[in-house]
file start.txt (compact mmCIF, C-alpha atoms and all ligand atoms)
# COMPACT_ATOMS: atom_id res chain seq x y z
CA MET A 1 7.39 -35.63 -57.23
CA ASP A 2 9.31 -37.51 -54.55
CA ASP A 3 8.28 -41.16 -54.25
CA HIS A 4 6.95 -40.48 -50.79
CA PHE A 5 4.31 -38.04 -52.01
CA ASN A 6 1.77 -39.51 -54.41
CA TYR A 7 -1.88 -39.84 -55.26
CA GLN A 8 -3.75 -42.83 -53.88
CA ASN A 9 -7.26 -42.87 -55.26
CA LYS A 10 -7.80 -39.17 -55.77
CA GLN A 11 -6.03 -38.09 -52.63
CA LEU A 12 -2.51 -36.76 -52.37
CA HIS A 13 -0.71 -38.75 -49.69
CA VAL A 14 2.53 -38.40 -47.81
CA GLU A 15 3.65 -41.96 -47.15
CA ARG A 16 0.40 -43.63 -45.98
CA VAL A 17 -1.38 -40.50 -44.75
CA ALA A 18 -3.77 -38.34 -46.77
CA LEU A 19 -2.73 -34.70 -46.69
CA ALA A 20 -6.41 -33.76 -46.38
CA ASP A 21 -6.51 -35.57 -43.03
CA ILE A 22 -3.51 -33.60 -41.80
CA ALA A 23 -5.17 -30.35 -42.85
CA ALA A 24 -8.33 -31.36 -41.00
CA LEU A 25 -6.28 -32.17 -37.90
CA GLN A 26 -3.78 -29.31 -37.81
CA GLY A 27 -5.26 -26.65 -40.03
CA THR A 28 -3.41 -24.66 -42.68
CA PRO A 29 -0.91 -23.37 -43.54
CA CYS A 30 1.07 -26.36 -42.40
CA TYR A 31 4.41 -27.85 -43.41
CA VAL A 32 4.40 -31.63 -43.76
CA TYR A 33 7.58 -33.74 -43.90
CA SER A 34 8.13 -37.38 -44.76
CA ARG A 35 10.50 -39.21 -42.47
CA ALA A 36 11.03 -41.91 -45.10
CA ALA A 37 12.09 -39.28 -47.65
CA LEU A 38 14.56 -37.75 -45.18
CA THR A 39 16.01 -41.14 -44.38
CA SER A 40 16.23 -42.18 -48.00
CA GLY A 41 18.17 -39.04 -48.95
CA PHE A 42 20.64 -39.48 -46.13
CA ARG A 43 21.16 -43.15 -46.94
CA GLN A 44 21.91 -42.31 -50.57
CA PHE A 45 24.82 -40.22 -49.31
CA SER A 46 26.11 -42.77 -46.83
CA ASP A 47 25.75 -45.66 -49.28
CA ALA A 48 27.64 -43.77 -51.96
CA LEU A 49 30.41 -42.97 -49.47
CA GLN A 50 30.70 -46.43 -48.03
CA GLY A 51 34.28 -47.53 -47.51
CA ARG A 52 35.51 -43.96 -47.43
CA ASP A 53 36.22 -42.04 -44.25
CA HIS A 54 33.49 -39.38 -44.32
CA LEU A 55 31.07 -37.24 -42.36
CA ILE A 56 27.80 -35.90 -43.74
CA CYS A 57 27.17 -32.59 -42.00
CA TYR A 58 23.57 -31.66 -42.71
CA ALA A 59 23.30 -27.89 -43.32
CA VAL A 60 20.94 -26.93 -40.51
CA LYS A 61 19.81 -23.70 -42.17
CA ALA A 62 17.87 -25.63 -44.81
CA ASN A 63 15.38 -26.78 -42.19
CA SER A 64 16.20 -26.58 -38.52
CA ASN A 65 13.16 -28.26 -36.96
CA LEU A 66 14.34 -30.40 -34.04
CA ALA A 67 12.53 -33.48 -35.32
CA ILE A 68 14.41 -33.27 -38.62
CA LEU A 69 17.75 -32.72 -36.90
CA ASN A 70 16.99 -35.69 -34.66
CA VAL A 71 16.18 -37.98 -37.60
CA PHE A 72 19.55 -37.12 -39.14
CA ALA A 73 21.43 -37.37 -35.82
CA ARG A 74 20.08 -40.89 -35.36
CA LEU A 75 21.33 -41.79 -38.84
CA GLY A 76 24.81 -40.69 -37.78
CA ALA A 77 24.87 -37.23 -39.33
CA GLY A 78 27.04 -34.36 -38.32
CA PHE A 79 25.86 -30.79 -38.78
CA ASP A 80 26.98 -27.65 -40.55
CA ILE A 81 25.92 -24.66 -38.48
CA VAL A 82 26.14 -20.91 -39.08
CA SER A 83 25.08 -19.50 -35.72
CA GLY A 84 25.05 -20.14 -32.01
CA GLY A 85 21.32 -20.64 -32.30
CA GLU A 86 21.80 -23.49 -34.74
CA LEU A 87 24.33 -25.07 -32.37
CA GLN A 88 21.76 -24.95 -29.59
CA ARG A 89 19.21 -26.58 -31.86
CA VAL A 90 21.63 -29.38 -32.77
CA LEU A 91 22.35 -30.06 -29.11
CA ALA A 92 18.66 -29.89 -28.19
CA ALA A 93 17.90 -32.41 -30.93
CA GLY A 94 20.45 -34.91 -29.63
CA GLY A 95 23.15 -34.11 -32.16
CA ASP A 96 26.82 -34.67 -31.36
CA ALA A 97 28.88 -31.48 -31.00
CA ARG A 98 31.96 -33.47 -32.01
CA LYS A 99 30.40 -33.79 -35.46
CA VAL A 100 29.65 -30.09 -35.91
CA VAL A 101 31.40 -27.76 -38.35
CA PHE A 102 30.80 -24.04 -37.94
CA SER A 103 30.62 -21.94 -41.13
CA GLY A 104 29.69 -18.29 -41.65
CA VAL A 105 31.41 -14.95 -42.21
CA GLY A 106 30.29 -13.19 -39.05
CA LYS A 107 30.84 -15.43 -36.04
CA THR A 108 30.58 -13.34 -32.87
CA VAL A 109 32.78 -13.73 -29.79
CA ALA A 110 29.82 -15.23 -27.93
CA GLU A 111 29.24 -17.76 -30.72
CA LEU A 112 32.92 -18.74 -30.86
CA ARG A 113 32.89 -19.23 -27.09
CA MET A 114 29.76 -21.35 -27.17
CA ALA A 115 31.20 -23.56 -29.90
CA LEU A 116 34.55 -23.92 -28.12
CA GLU A 117 32.73 -24.79 -24.92
CA ALA A 118 30.81 -27.49 -26.78
CA ASP A 119 34.03 -28.86 -28.36
CA ILE A 120 32.82 -28.80 -31.94
CA LEU A 121 34.73 -30.65 -34.64
CA CYS A 122 35.94 -27.69 -36.69
CA PHE A 123 35.62 -23.96 -37.32
CA ASN A 124 35.41 -23.10 -41.01
CA VAL A 125 37.24 -19.81 -40.79
CA GLU A 126 36.26 -17.27 -43.44
CA SER A 127 38.72 -14.39 -42.97
CA ALA A 128 42.04 -13.28 -41.49
CA ALA A 129 40.17 -11.22 -38.92
CA GLU A 130 38.15 -14.23 -37.81
CA LEU A 131 41.36 -16.25 -37.45
CA ASP A 132 42.75 -13.61 -35.09
CA ARG A 133 39.54 -13.45 -33.11
CA LEU A 134 39.31 -17.20 -32.76
CA ASN A 135 42.94 -17.36 -31.67
CA GLU A 136 42.24 -14.79 -28.98
CA VAL A 137 39.00 -16.31 -27.73
CA ALA A 138 40.32 -19.88 -27.63
CA GLY A 139 43.49 -18.63 -25.89
CA SER A 140 41.45 -16.85 -23.23
CA MET A 141 39.54 -20.08 -22.58
CA GLY A 142 42.64 -22.28 -22.53
CA LYS A 143 41.26 -24.27 -25.46
CA VAL A 144 42.72 -25.42 -28.75
CA ALA A 145 40.46 -24.72 -31.74
CA ALA A 146 40.41 -27.07 -34.74
CA ILE A 147 40.18 -25.06 -37.92
CA SER A 148 39.92 -25.23 -41.64
CA LEU A 149 39.93 -22.21 -43.90
CA ARG A 150 36.97 -21.77 -46.16
CA VAL A 151 38.63 -21.07 -49.46
CA ASN A 152 36.84 -19.12 -52.15
CA PRO A 153 37.88 -20.98 -55.31
CA ASP A 154 36.47 -18.34 -57.67
CA VAL A 155 34.38 -20.69 -59.78
CA ASP A 156 30.98 -19.95 -61.25
CA ALA A 157 28.31 -22.16 -59.69
CA LYS A 158 25.89 -21.20 -62.49
CA THR A 159 23.00 -20.73 -60.11
CA HIS A 160 20.85 -17.82 -58.94
CA PRO A 161 23.16 -14.86 -58.10
CA TYR A 162 21.75 -14.58 -54.56
CA ILE A 163 22.83 -18.14 -53.73
CA SER A 164 26.13 -18.23 -55.58
CA THR A 165 28.98 -18.01 -53.07
CA GLY A 166 32.19 -19.15 -54.71
CA LEU A 167 33.07 -16.16 -56.87
CA LYS A 168 35.71 -13.70 -55.77
CA GLN A 169 33.16 -10.89 -55.73
CA ASN A 170 31.17 -12.79 -53.06
CA LYS A 171 31.66 -12.12 -49.36
CA PHE A 172 32.45 -15.75 -48.57
CA GLY A 173 35.69 -17.45 -47.72
CA VAL A 174 39.34 -16.52 -47.94
CA ALA A 175 40.59 -15.31 -51.32
CA TYR A 176 42.14 -18.16 -53.27
CA THR A 177 45.39 -16.26 -53.75
CA GLU A 178 45.72 -15.50 -50.03
CA ALA A 179 44.83 -18.90 -48.66
CA VAL A 180 48.31 -20.41 -48.43
CA ALA A 181 49.70 -17.36 -46.63
CA LEU A 182 46.84 -17.47 -44.13
CA TYR A 183 47.39 -21.19 -43.53
CA ARG A 184 51.04 -20.38 -42.78
CA LYS A 185 49.93 -17.78 -40.29
CA ALA A 186 47.48 -20.20 -38.65
CA HIS A 187 50.17 -22.86 -38.56
CA ALA A 188 52.28 -20.54 -36.43
CA MET A 189 49.47 -20.03 -33.90
CA PRO A 190 49.83 -22.71 -31.22
CA ILE A 191 46.24 -22.33 -30.07
CA LEU A 192 44.87 -23.27 -33.47
CA ARG A 193 45.10 -26.76 -34.89
CA ILE A 194 44.75 -26.94 -38.65
CA THR A 195 42.64 -29.95 -39.55
CA GLY A 196 41.20 -29.28 -42.98
CA MET A 197 40.22 -27.16 -45.92
CA ASP A 198 36.69 -26.12 -46.80
CA CYS A 199 34.84 -24.71 -49.76
CA HIS A 200 31.20 -24.16 -50.63
CA ILE A 201 30.45 -22.52 -53.95
CA GLY A 202 26.70 -22.09 -53.95
CA SER A 203 23.33 -23.74 -53.77
CA GLN A 204 20.90 -25.42 -56.16
CA LEU A 205 23.66 -26.50 -58.56
CA THR A 206 22.33 -28.70 -61.30
CA GLU A 207 25.63 -29.72 -62.90
CA THR A 208 28.70 -31.43 -61.52
CA SER A 209 31.25 -29.39 -63.47
CA PRO A 210 31.46 -26.42 -61.05
CA PHE A 211 31.96 -28.82 -58.14
CA ILE A 212 34.76 -30.54 -60.02
CA ALA A 213 36.38 -27.22 -60.91
CA ALA A 214 36.30 -26.24 -57.24
CA VAL A 215 37.82 -29.55 -56.11
CA GLU A 216 40.62 -29.20 -58.61
CA LYS A 217 41.46 -25.73 -57.36
CA VAL A 218 41.28 -26.84 -53.74
CA LEU A 219 43.65 -29.74 -54.41
CA VAL A 220 46.28 -27.36 -55.78
CA LEU A 221 46.27 -25.60 -52.40
CA VAL A 222 46.24 -28.88 -50.48
CA ASP A 223 49.37 -29.97 -52.35
CA ALA A 224 51.07 -26.61 -51.82
CA LEU A 225 50.44 -26.89 -48.09
CA ALA A 226 51.63 -30.49 -47.95
CA ALA A 227 54.89 -29.38 -49.59
CA GLU A 228 55.34 -26.97 -46.68
CA GLY A 229 54.63 -29.66 -44.12
CA ILE A 230 51.06 -28.58 -43.39
CA ALA A 231 49.08 -31.81 -43.72
CA LEU A 232 45.30 -31.80 -43.70
CA GLU A 233 43.10 -34.46 -42.13
CA HIS A 234 39.90 -33.60 -43.91
CA LEU A 235 38.49 -31.92 -46.99
CA ASP A 236 35.08 -30.28 -46.66
CA LEU A 237 33.48 -29.78 -50.07
CA GLY A 238 30.39 -27.99 -48.78
CA GLY A 239 26.84 -28.53 -49.96
CA GLY A 240 24.98 -27.18 -52.95
CA LEU A 241 23.57 -30.14 -54.85
CA GLY A 242 20.30 -29.05 -56.45
CA ILE A 243 16.90 -30.70 -56.66
CA CYS A 244 14.14 -30.81 -59.23
CA TYR A 245 11.52 -28.13 -58.62
CA GLN A 246 10.15 -27.95 -62.16
CA ASP A 247 12.25 -29.37 -64.98
CA GLU A 248 15.79 -29.19 -63.63
CA THR A 249 17.86 -32.33 -64.04
CA PRO A 250 20.44 -32.29 -61.25
CA PRO A 251 22.75 -35.29 -60.97
CA ALA A 252 21.61 -38.09 -58.68
CA ILE A 253 23.31 -38.14 -55.29
CA ALA A 254 25.31 -41.24 -56.21
CA ASP A 255 26.54 -39.63 -59.44
CA TYR A 256 27.47 -36.42 -57.67
CA ILE A 257 29.48 -38.38 -55.08
CA ALA A 258 31.12 -40.47 -57.80
CA ALA A 259 32.14 -37.27 -59.58
CA LEU A 260 33.61 -35.80 -56.38
CA LEU A 261 35.50 -38.98 -55.56
CA GLY A 262 36.82 -39.07 -59.10
CA ALA A 263 38.05 -35.50 -58.81
CA LEU A 264 39.76 -36.30 -55.51
CA GLN A 265 42.05 -38.67 -57.40
CA GLY A 266 42.69 -41.14 -54.64
CA ARG A 267 43.19 -38.54 -51.88
CA THR A 268 42.54 -40.28 -48.60
CA GLN A 269 41.62 -37.38 -46.36
CA LYS A 270 38.32 -37.71 -44.56
CA LEU A 271 35.61 -36.23 -46.78
CA ILE A 272 33.11 -33.86 -45.19
CA LEU A 273 30.01 -32.70 -47.09
CA GLU A 274 27.41 -30.15 -46.05
CA PRO A 275 24.23 -31.01 -47.97
CA GLY A 276 21.08 -29.12 -47.06
CA ARG A 277 18.46 -28.75 -49.78
CA VAL A 278 18.97 -32.15 -51.39
CA LEU A 279 18.24 -33.89 -48.07
CA VAL A 280 15.07 -32.00 -47.17
CA GLY A 281 13.76 -30.07 -50.18
CA ASN A 282 11.62 -32.76 -51.71
CA ALA A 283 10.85 -34.31 -48.33
CA GLY A 284 8.39 -31.54 -47.45
CA VAL A 285 5.32 -29.74 -48.73
CA LEU A 286 3.42 -26.68 -47.61
CA LEU A 287 -0.29 -27.34 -47.23
CA THR A 288 -2.53 -24.37 -47.85
CA ARG A 289 -6.24 -23.71 -48.36
CA VAL A 290 -7.91 -21.45 -50.89
CA GLU A 291 -9.70 -18.61 -49.09
CA TYR A 292 -11.10 -16.70 -52.04
CA ILE A 293 -11.30 -16.86 -55.77
CA LYS A 294 -11.04 -13.40 -57.24
CA PRO A 295 -11.63 -13.21 -60.97
CA GLY A 296 -9.83 -10.21 -62.44
CA GLU A 297 -9.87 -8.38 -65.72
CA GLU A 298 -6.49 -9.72 -66.71
CA LYS A 299 -5.83 -12.50 -64.27
CA ASN A 300 -7.72 -14.76 -61.93
CA PHE A 301 -6.42 -14.84 -58.41
CA ALA A 302 -6.68 -17.70 -55.98
CA ILE A 303 -5.98 -16.19 -52.58
CA VAL A 304 -4.63 -18.87 -50.28
CA ASP A 305 -3.88 -18.85 -46.55
CA ALA A 306 -0.12 -19.33 -47.00
CA ALA A 307 1.97 -16.31 -47.92
CA MET A 308 5.45 -15.02 -48.55
CA ASN A 309 6.08 -15.01 -44.80
CA ASP A 310 5.57 -18.81 -44.83
CA LEU A 311 7.45 -19.51 -48.05
CA MET A 312 9.70 -16.68 -49.13
CA ARG A 313 11.44 -18.37 -52.06
CA PRO A 314 9.04 -17.26 -54.82
CA ALA A 315 9.14 -13.63 -53.65
CA LEU A 316 12.88 -13.58 -53.02
CA TYR A 317 14.29 -15.59 -55.92
CA ASP A 318 11.31 -15.83 -58.23
CA ALA A 319 11.57 -19.53 -57.40
CA TYR A 320 9.18 -22.06 -58.91
CA HIS A 321 7.31 -24.53 -56.69
CA ASP A 322 4.85 -26.99 -58.12
CA ILE A 323 1.32 -26.56 -56.76
CA LEU A 324 -0.92 -29.62 -56.70
CA PRO A 325 -4.50 -30.14 -55.60
CA VAL A 326 -4.72 -32.25 -52.47
CA VAL A 327 -7.86 -33.87 -53.83
CA ARG A 328 -7.92 -34.60 -57.52
CA GLU A 329 -11.13 -34.47 -59.51
CA THR A 330 -10.74 -37.68 -61.45
CA GLU A 331 -9.17 -40.99 -60.59
CA ASN A 332 -6.65 -41.41 -63.37
CA ASP A 333 -5.66 -37.90 -64.17
CA THR A 334 -2.01 -37.62 -64.87
CA LEU A 335 -2.44 -33.89 -64.71
CA PRO A 336 -3.35 -32.19 -61.48
CA GLN A 337 -6.20 -30.33 -63.07
CA ALA A 338 -9.46 -31.93 -64.15
CA ARG A 339 -10.00 -32.70 -67.82
CA GLU A 340 -12.59 -31.02 -69.92
CA GLY A 341 -15.81 -32.91 -70.38
CA THR A 342 -16.05 -34.21 -66.83
CA ASN A 343 -18.62 -32.69 -64.54
CA ALA A 344 -15.75 -31.58 -62.33
CA LYS A 345 -14.78 -27.98 -61.65
CA SER A 346 -13.25 -26.86 -64.88
CA PRO A 347 -9.63 -25.83 -64.66
CA SER A 348 -8.64 -22.23 -65.02
CA VAL A 349 -5.40 -20.38 -64.87
CA PHE A 350 -4.76 -18.76 -61.51
CA GLU A 351 -2.25 -16.54 -59.84
CA ILE A 352 -1.76 -18.29 -56.51
CA VAL A 353 -1.23 -15.49 -54.02
CA GLY A 354 -1.19 -14.94 -50.27
CA PRO A 355 -3.00 -12.37 -48.13
CA ILE A 356 0.04 -10.14 -47.52
CA CYS A 357 -0.03 -6.54 -48.63
CA GLU A 358 2.66 -6.77 -51.28
CA THR A 359 2.50 -7.60 -54.95
CA GLY A 360 5.56 -9.79 -54.36
CA ASP A 361 3.41 -12.02 -52.20
CA PHE A 362 2.81 -14.85 -54.60
CA ILE A 363 3.33 -18.60 -54.41
CA GLY A 364 2.95 -19.34 -58.10
CA HIS A 365 2.09 -17.58 -61.35
CA ALA A 366 -0.29 -18.79 -64.05
CA ARG A 367 -1.10 -22.22 -62.67
CA GLU A 368 -3.81 -24.27 -64.31
CA LEU A 369 -5.87 -25.79 -61.53
CA ALA A 370 -9.43 -26.90 -60.91
CA ILE A 371 -10.06 -25.21 -57.60
CA ALA A 372 -12.74 -23.39 -55.64
CA PRO A 373 -12.85 -21.64 -52.27
CA SER A 374 -11.73 -24.03 -49.52
CA SER A 375 -9.82 -26.30 -51.94
CA LEU A 376 -6.62 -27.60 -50.42
CA LEU A 377 -3.34 -27.19 -52.28
CA ALA A 378 0.08 -28.66 -51.70
CA VAL A 379 3.05 -26.45 -52.51
CA MET A 380 5.66 -29.03 -53.41
CA SER A 381 9.42 -29.17 -52.75
CA ALA A 382 9.01 -26.87 -49.77
CA GLY A 383 11.10 -28.80 -47.23
CA ALA A 384 14.24 -26.72 -47.73
CA TYR A 385 14.45 -22.99 -46.99
CA GLY A 386 10.71 -22.86 -46.40
CA MET A 387 9.98 -22.86 -42.69
CA SER A 388 13.57 -21.90 -41.88
CA MET A 389 13.20 -18.62 -43.79
CA SER A 390 9.68 -17.86 -42.59
CA SER A 391 8.88 -14.64 -40.77
CA ASN A 392 6.04 -13.00 -38.89
CA TYR A 393 5.42 -10.25 -41.42
CA ASN A 394 1.88 -8.90 -41.17
CA THR A 395 1.82 -10.42 -37.65
CA ARG A 396 1.21 -13.82 -39.08
CA PRO A 397 2.01 -16.59 -36.62
CA ARG A 398 4.24 -19.17 -38.22
CA ALA A 399 2.79 -22.39 -39.62
CA ALA A 400 2.51 -25.69 -37.81
CA GLU A 401 4.93 -28.46 -38.82
CA VAL A 402 4.06 -32.14 -39.04
CA MET A 403 6.20 -35.19 -39.66
CA VAL A 404 4.71 -38.34 -41.11
CA ASP A 405 6.27 -41.73 -40.46
CA GLY A 406 4.38 -44.50 -42.29
CA ASP A 407 0.81 -44.10 -41.08
CA GLN A 408 1.78 -42.03 -38.04
CA VAL A 409 1.36 -38.26 -37.89
CA TYR A 410 3.44 -36.23 -35.45
CA LEU A 411 3.00 -32.53 -34.75
CA VAL A 412 6.66 -31.46 -34.59
CA ARG A 413 6.02 -27.76 -34.12
CA GLU A 414 2.84 -26.18 -32.89
CA ARG A 415 1.33 -23.35 -34.82
CA GLU A 416 2.60 -20.11 -33.33
CA THR A 417 0.16 -17.85 -31.49
CA VAL A 418 -0.10 -14.08 -31.57
CA GLN A 419 0.46 -14.16 -27.80
CA GLN A 420 3.90 -15.66 -28.44
CA LEU A 421 4.65 -13.01 -31.04
CA ILE A 422 3.96 -10.05 -28.77
CA ALA A 423 5.23 -11.60 -25.54
CA GLY A 424 8.54 -9.70 -25.52
CA GLU A 425 7.11 -6.33 -26.47
CA LYS A 426 6.50 -3.43 -24.09
CA ILE A 427 4.52 -0.20 -24.21
CA ILE A 428 6.50 2.77 -22.86
CA ALA A 429 5.36 5.08 -20.09
N1 LIG A 501 27.28 -25.03 -46.47
C1 LIG A 501 27.29 -23.69 -46.44
C2 LIG A 501 28.47 -23.00 -45.91
C3 LIG A 501 26.18 -22.97 -46.92
O1 LIG A 501 26.21 -21.63 -46.90
C4 LIG A 501 25.06 -23.66 -47.43
C5 LIG A 501 23.90 -22.94 -47.93
C6 LIG A 501 25.10 -25.07 -47.41
C7 LIG A 501 26.22 -25.72 -46.94
C8 LIG A 501 23.95 -25.90 -47.90
O2 LIG A 501 23.69 -25.70 -49.24
P1 LIG A 501 22.59 -26.61 -49.98
O3 LIG A 501 23.09 -28.03 -49.97
O4 LIG A 501 21.32 -26.47 -49.23
O5 LIG A 501 22.52 -26.03 -51.33
N2 LIG A 501 17.77 -19.72 -49.26
C9 LIG A 501 18.28 -20.20 -50.51
C10 LIG A 501 19.47 -21.11 -50.34
C11 LIG A 501 20.59 -20.49 -49.53
C12 LIG A 501 21.76 -21.40 -49.32
C13 LIG A 501 22.70 -20.84 -48.33
N3 LIG A 501 23.83 -21.66 -48.01
C14 LIG A 501 17.15 -20.88 -51.28
O6 LIG A 501 16.03 -20.92 -50.78
O7 LIG A 501 17.34 -21.31 -52.40
call {"tool": "encode", "arguments": {"input": "start.txt", "output": "structure tokens"}}
result
Amino acid sequence: MDDHFNYQNKQLHVERVALADIAALQGTPCYVYSRAALTSGFRQFSDALQGRDHLICYAVKANSNLAILNVFARLGAGFDIVSGGELQRVLAAGGDARKVVFSGVGKTVAELRMALEADILCFNVESAAELDRLNEVAGSMGKVAAISLRVNPDVDAKTHPYISTGLKQNKFGVAYTEAVALYRKAHAMPILRITGMDCHIGSQLTETSPFIAAVEKVLVLVDALAAEGIALEHLDLGGGLGICYQDETPPAIADYIAALLGALQGRTQKLILEPGRVLVGNAGVLLTRVEYIKPGEEKNFAIVDAAMNDLMRPALYDAYHDILPVVRETENDTLPQAREGTNAKSPSVFEIVGPICETGDFIGHARELAIAPSSLLAVMSAGAYGMSMSSNYNTRPRAAEVMVDGDQVYLVRERETVQQLIAGEKIIA
């Protein structure tokens, strides 16, 4: 558990606020974020990079709530975006377009235009076709576009196949063997200004070795380009550092940075990183309430009011999220569930599931918890790719979002209403 979420007396707190109070105030399901946790993560990056020219571009897709983007913007962050919508969020949150890098394999003409208009820092170009399109669009606007090529280094990130991006069978980036030729082509395009090289090999990496392997391959290309007189100002090594959900042991941020700096072997280019999950994952929880207990022949189900539309990771990746009771039965329990022999609710093993009409709608399997109808649960490590991947499946309005700062509670996104969901729909004559 992140330091900013812990039990005080029997109550699970975020910073100095009891989660039960937030549930009483805002209802459930509700995402709750700790500002201190967000700040602490960001500072670990900037401290580790002190003395080195760098820019930490938070990967907006991990959690794009404006309050979160604003916290990072105020700490000096840049942003890694993958759509025009994310650019608009960054600007609405007070972010600086001059610190924005734009990744993604499918940038539309409209998105390229919007980003050129805003004067973003760099386009991470992912194909020859995108290079041509960008050249055309920038030319038509009388603008010069700063670019780096996202190189696919063909290294195994050793993570879930759906979130592995740096293998040559993946759709991402320019093939390693074609990168130098494409840089040459870009170099000959007067409307494009080559500023860097980019790579991102995947997400939820729990070892440093794949990162190092990628850096080493990238440096070979950097040197080849330098020999041809194409000098780069920055190296963007992407995001991907993992967090602990269950028993993973990812490197600490400082160790990860030290490993990267070591692999860079004294290169002085500005270092850009695109961390997402590691900055927000353990800074947020999803609060949910038990609606029903349904004992079954083979399994007991606890049906909660959060579902796969709120948190898709278990359904999509079979991802594990810890589930803790918001109110613990006994004072000193190290375990979330009550011990035998107390007069508390005795713990049982539950399938924690949502109300959606799919068997894939589960939050956790076989969890031992002492719960009853109306018990509150906290789904831990839900700050990254939780709300940002939520949907309205089953016409479920999306959850409210709250940010805690010390003893202050801020509603940073109102719970959606069904009225909002159907507002754009029409019945035909
Ligand atoms: N940069 C690029 C170009 C990316 O595609 C990503 C994530 C990041 C940075 C940030 O990676 P991070 O530091 O968060 O690992 N929905 C999945 C994760 C998808 C990651 C997509 N790309 C999940 O819930 O595990």
call {"tool": "residues_around", "arguments": {"input": "start.txt", "residues": "Met141 of chain A", "least_positions_apart": "3", "cutoff": "9 Å", "atoms": "all atoms listed in the file", "output": "ChimeraX atom specification"}}
result
/A:113,116-117,136-138,144
call {"tool": "residues_near_ligand", "arguments": {"input": "start.txt", "ligand": "ligand LIG 501 (chain A)", "cutoff": "8 Å", "atoms": "only C-alpha atoms and all ligand atoms", "output": "PyMOL selection string"}}
result
chain A and resi 58-59+61-62+80+82+103-104+162-163+165+199-200+202-205+238-242+273-279+312-313+317+319+384-386+389
call {"tool": "write_last_selection", "arguments": {"input": "start.txt", "atoms": "C-alpha atoms", "output": "mmCIF file, in the frame of the given file"}}
result
data_model
loop_
_atom_site.group_PDB
_atom_site.id
_atom_site.type_symbol
_atom_site.label_atom_id
_atom_site.label_comp_id
_atom_site.auth_asym_id
_atom_site.auth_seq_id
_atom_site.Cartn_x
_atom_site.Cartn_y
_atom_site.Cartn_z
ATOM 1 C CA TYR A 58 23.570 -31.660 -42.710
ATOM 2 C CA ALA A 59 23.300 -27.890 -43.320
ATOM 3 C CA LYS A 61 19.810 -23.700 -42.170
ATOM 4 C CA ALA A 62 17.870 -25.630 -44.810
ATOM 5 C CA ASP A 80 26.980 -27.650 -40.550
ATOM 6 C CA VAL A 82 26.140 -20.910 -39.080
ATOM 7 C CA SER A 103 30.620 -21.940 -41.130
ATOM 8 C CA GLY A 104 29.690 -18.290 -41.650
ATOM 9 C CA TYR A 162 21.750 -14.580 -54.560
ATOM 10 C CA ILE A 163 22.830 -18.140 -53.730
ATOM 11 C CA THR A 165 28.980 -18.010 -53.070
ATOM 12 C CA CYS A 199 34.840 -24.710 -49.760
ATOM 13 C CA HIS A 200 31.200 -24.160 -50.630
ATOM 14 C CA GLY A 202 26.700 -22.090 -53.950
ATOM 15 C CA SER A 203 23.330 -23.740 -53.770
ATOM 16 C CA GLN A 204 20.900 -25.420 -56.160
ATOM 17 C CA LEU A 205 23.660 -26.500 -58.560
ATOM 18 C CA GLY A 238 30.390 -27.990 -48.780
ATOM 19 C CA GLY A 239 26.840 -28.530 -49.960
ATOM 20 C CA GLY A 240 24.980 -27.180 -52.950
ATOM 21 C CA LEU A 241 23.570 -30.140 -54.850
ATOM 22 C CA GLY A 242 20.300 -29.050 -56.450
ATOM 23 C CA LEU A 273 30.010 -32.700 -47.090
ATOM 24 C CA GLU A 274 27.410 -30.150 -46.050
ATOM 25 C CA PRO A 275 24.230 -31.010 -47.970
ATOM 26 C CA GLY A 276 21.080 -29.120 -47.060
ATOM 27 C CA ARG A 277 18.460 -28.750 -49.780
ATOM 28 C CA VAL A 278 18.970 -32.150 -51.390
ATOM 29 C CA LEU A 279 18.240 -33.890 -48.070
ATOM 30 C CA MET A 312 9.700 -16.680 -49.130
ATOM 31 C CA ARG A 313 11.440 -18.370 -52.060
ATOM 32 C CA TYR A 317 14.290 -15.590 -55.920
ATOM 33 C CA ALA A 319 11.570 -19.530 -57.400
ATOM 34 C CA ALA A 384 14.240 -26.720 -47.730
ATOM 35 C CA TYR A 385 14.450 -22.990 -46.990
ATOM 36 C CA GLY A 386 10.710 -22.860 -46.400
ATOM 37 C CA MET A 389 13.200 -18.620 -43.790
#
call {"tool": "residues_around", "arguments": {"input": "start.txt", "residues": "segment 284-288 of chain A", "least_positions_apart": "2", "cutoff": "8 Å", "atoms": "only C-alpha atoms", "output": "CSV table (one decimal) with C-alpha atoms, in the coordinates of the input"}}
result
chain,number,residue,atom,x,y,z
A,19,LEU,CA,-2.7,-34.7,-46.7
A,23,ALA,CA,-5.2,-30.4,-42.8
A,28,THR,CA,-3.4,-24.7,-42.7
A,29,PRO,CA,-0.9,-23.4,-43.5
A,30,CYS,CA,1.1,-26.4,-42.4
A,31,TYR,CA,4.4,-27.8,-43.4
A,32,VAL,CA,4.4,-31.6,-43.8
A,33,TYR,CA,7.6,-33.7,-43.9
A,34,SER,CA,8.1,-37.4,-44.8
A,280,VAL,CA,15.1,-32.0,-47.2
A,281,GLY,CA,13.8,-30.1,-50.2
A,282,ASN,CA,11.6,-32.8,-51.7
A,290,VAL,CA,-7.9,-21.4,-50.9
A,304,VAL,CA,-4.6,-18.9,-50.3
A,305,ASP,CA,-3.9,-18.8,-46.6
A,306,ALA,CA,-0.1,-19.3,-47.0
A,376,LEU,CA,-6.6,-27.6,-50.4
A,377,LEU,CA,-3.3,-27.2,-52.3
A,378,ALA,CA,0.1,-28.7,-51.7
A,379,VAL,CA,3.0,-26.4,-52.5
A,380,MET,CA,5.7,-29.0,-53.4
A,381,SER,CA,9.4,-29.2,-52.8
A,382,ALA,CA,9.0,-26.9,-49.8
A,383,GLY,CA,11.1,-28.8,-47.2
A,384,ALA,CA,14.2,-26.7,-47.7
